[in-house]
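Everything on this sheet refers to the single structure shown next.
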Amino acid sequence: MRREERYEKIIAWFQENMPIAETELHYKDPYQLLVAVILSAQCTDKRVNMTTPAFYERFPTSKELASATEEEIFGYIKSISYPNNKTKNLHKMAQQLEKNFGGKVPETVEELMTLAGVGRKTANVVVSVAYGQSAMAVDTHVFRVSARIGLTVGAKNPLQTEKQLVQHIPEELIPIAHHWLILHGRYVCTARKPKCDACGIRPWCKTGNLTKGKETDSGEKEPRKKNRTNKKIKEPEQV
Ligand code: SF4
């Protein structure tokens with residue numbers, strides 16, 4: 001199957017079957033989204049959502065966060081993974097927001113990436129979700145799923161994945177395509193045991209077609225041992 005056809009079929013399937021796809025993080029404004037995305041690195045959205053209500057109440061804007069002590073910030077996020085680093089990043093990010101951007105979350109990837117704790121993935125999520133821009137954020141799910149399906153070929157890092165995806169996906173669909181791929185990776189095409197039998201895009205998936213008929217210990221069908229597609233792909237630890 002040609003790659004163009006694969007994109008066409010898979011986009012059509014998602015449009016029909018997942019017309020609404022949004023972030024699972026809870027937020028009300030760009031500042032809250034930025035905080036939530038920083039907290040979500042290597043942590044589940046569910047855990048972040050349990051933490052943020054009290055955090056947002058105590059630190060409703062970057063002003064309160066910038067003037068707090070790190071000890072106090074830590075107290076609010078200690079149940080999240082890597083609380084020490086995230087405390088430092090959130091504190092510094094808030095101070096930079098106040099000093100360099102008047103407390104307003106910037107709208108460009110380049111400006112966002114000047115903030116502590118903000119890499120390309122986080123910046124893309126913020127401009128896409130908070131400001132509706134056509135930016136493709138590549139996290140570990142998007143990276144893995146895109147390669148397995150065959151949407152990307154030979155992408156070795158998130159930036160290469162991002163470039164290939166934006167080249168093939170219509171601009172207006174890029175924000176929702178990001179969520180399609182994340183949700184698909186989180187609930188169907190999971191890292192260790194992709195649920196190929198229950199997967200609606202299997203007819204056009206490069207890996208799903210290779211693995212038809214191969215039973216696994218769990219009763220699921222998954223890639224043949226010598227051909228486990230996720231073996232050769234080096235996933236980024238944090239993207
Ligand atoms: S068919 Fe299998 S490998 Fe392909 S996207 Fe679906 S779950 Fe993933």
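Just so we're on the same page: first chain in the structure tokens is A, next is B, and so on; residues restart at 1 for each chain, and ligands are numbered from 1 in the order they show up.
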field: Who sits within 9 Å of segment 74-78 of chain A, only C-alpha atoms, same chain under 4 positions skipped, as a count of residues only
entry: 14
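Residues in contact with ligand 1 (atom pairs separated by at most 8 Å; only C-alpha atoms and all ligand atoms) are Val145, Arg148, Ile149, His184, Gly185, Val188, Cys189, Thr190, Pro194, Lys195, Cys196, Asp197, Ala198, Cys199, Gly200, Ile201, Arg202, Pro203, Trp204, Cys205, Lys206, Thr207, Gly208, Asn209, Thr211, Glu222 and Pro223 of chain A.
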query: To one decimal place, how far is atom CA of Pro158 of chain A from atom CA of Arg47 of chain A in Å?
result: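 Going from atom CA of Pro158 of chain A over to atom CA of Arg47 of chain A covers 24.5 Å.
In this comparison, which uses only C-alpha atoms, the residue of A:Ala41, A:Glu98, A:Ala21, A:Leu210 approaching Leu181 of chain A most closely is A:Ala21.
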Can I get the residues of segment 33-104 of chain A within 10 Å of segment 129-141 of chain A, each with the closest pair of atoms and their distance in Å to one decimal, using only C-alpha atoms, sorted chain first then ascending number, as a tab-separated table?
residue	atom	partner	partner_atom	distance
A:Leu33	CA	A:Ala130	CA	7.3
A:Leu34	CA	A:Ala130	CA	8.9
A:Ala41	CA	A:Asp139	CA	9.3
A:Gln42	CA	A:Thr140	CA	9.6
Save out the residues we just selected, C-alpha atoms, as an mmCIF file, in the first residue's frame.
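part-v4.cif, freshly written:
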data_model
loop_
_atom_site.group_PDB
_atom_site.id
_atom_site.type_symbol
_atom_site.label_atom_id
_atom_site.label_comp_id
_atom_site.auth_asym_id
_atom_site.auth_seq_id
_atom_site.Cartn_x
_atom_site.Cartn_y
_atom_site.Cartn_z
ATOM 1 C CA LEU A 33 -2.381 23.752 30.421
ATOM 2 C CA LEU A 34 1.319 24.590 30.478
ATOM 3 C CA ALA A 41 6.053 14.152 31.560
ATOM 4 C CA GLN A 42 6.529 10.482 32.443
#
Compile a residue-level contact table for segment 30-52 of chain A against segment 103-124 of chain A at a cut-off of 7 Å, reporting for every qualifying residue the shortest atom pair and its distance in Å to one decimal, with only C-alpha atoms counted, rows ordered by chain and ascending number, as a Markdown table.
| residue | atom | partner | partner_atom | distance |
| --- | --- | --- | --- | --- |
| A:Pro30 | CA | A:Val105 | CA | 6.3 |
| A:Tyr31 | CA | A:Val105 | CA | 6.1 |
| A:Val37 | CA | A:Thr122 | CA | 6.3 |
| A:Ile38 | CA | A:Gly117 | CA | 6.5 |
Those same residues, written as a PDB file, in the first residue's frame with C-alpha atoms?
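Dumped everything to part.pdb:
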ATOM      1  CA  PRO A  30      -3.039  28.391  28.697  1.00  0.00           C
ATOM      2  CA  TYR A  31      -1.185  28.793  32.010  1.00  0.00           C
ATOM      3  CA  VAL A  37       1.784  19.364  30.448  1.00  0.00           C
ATOM      4  CA  ILE A  38       5.007  19.958  32.381  1.00  0.00           C
TER       5      ILE A  38
END
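From atom CA of Ala94 of chain A back to atom CA of Lys63 of chain A, the distance works out to 7.0 Å.
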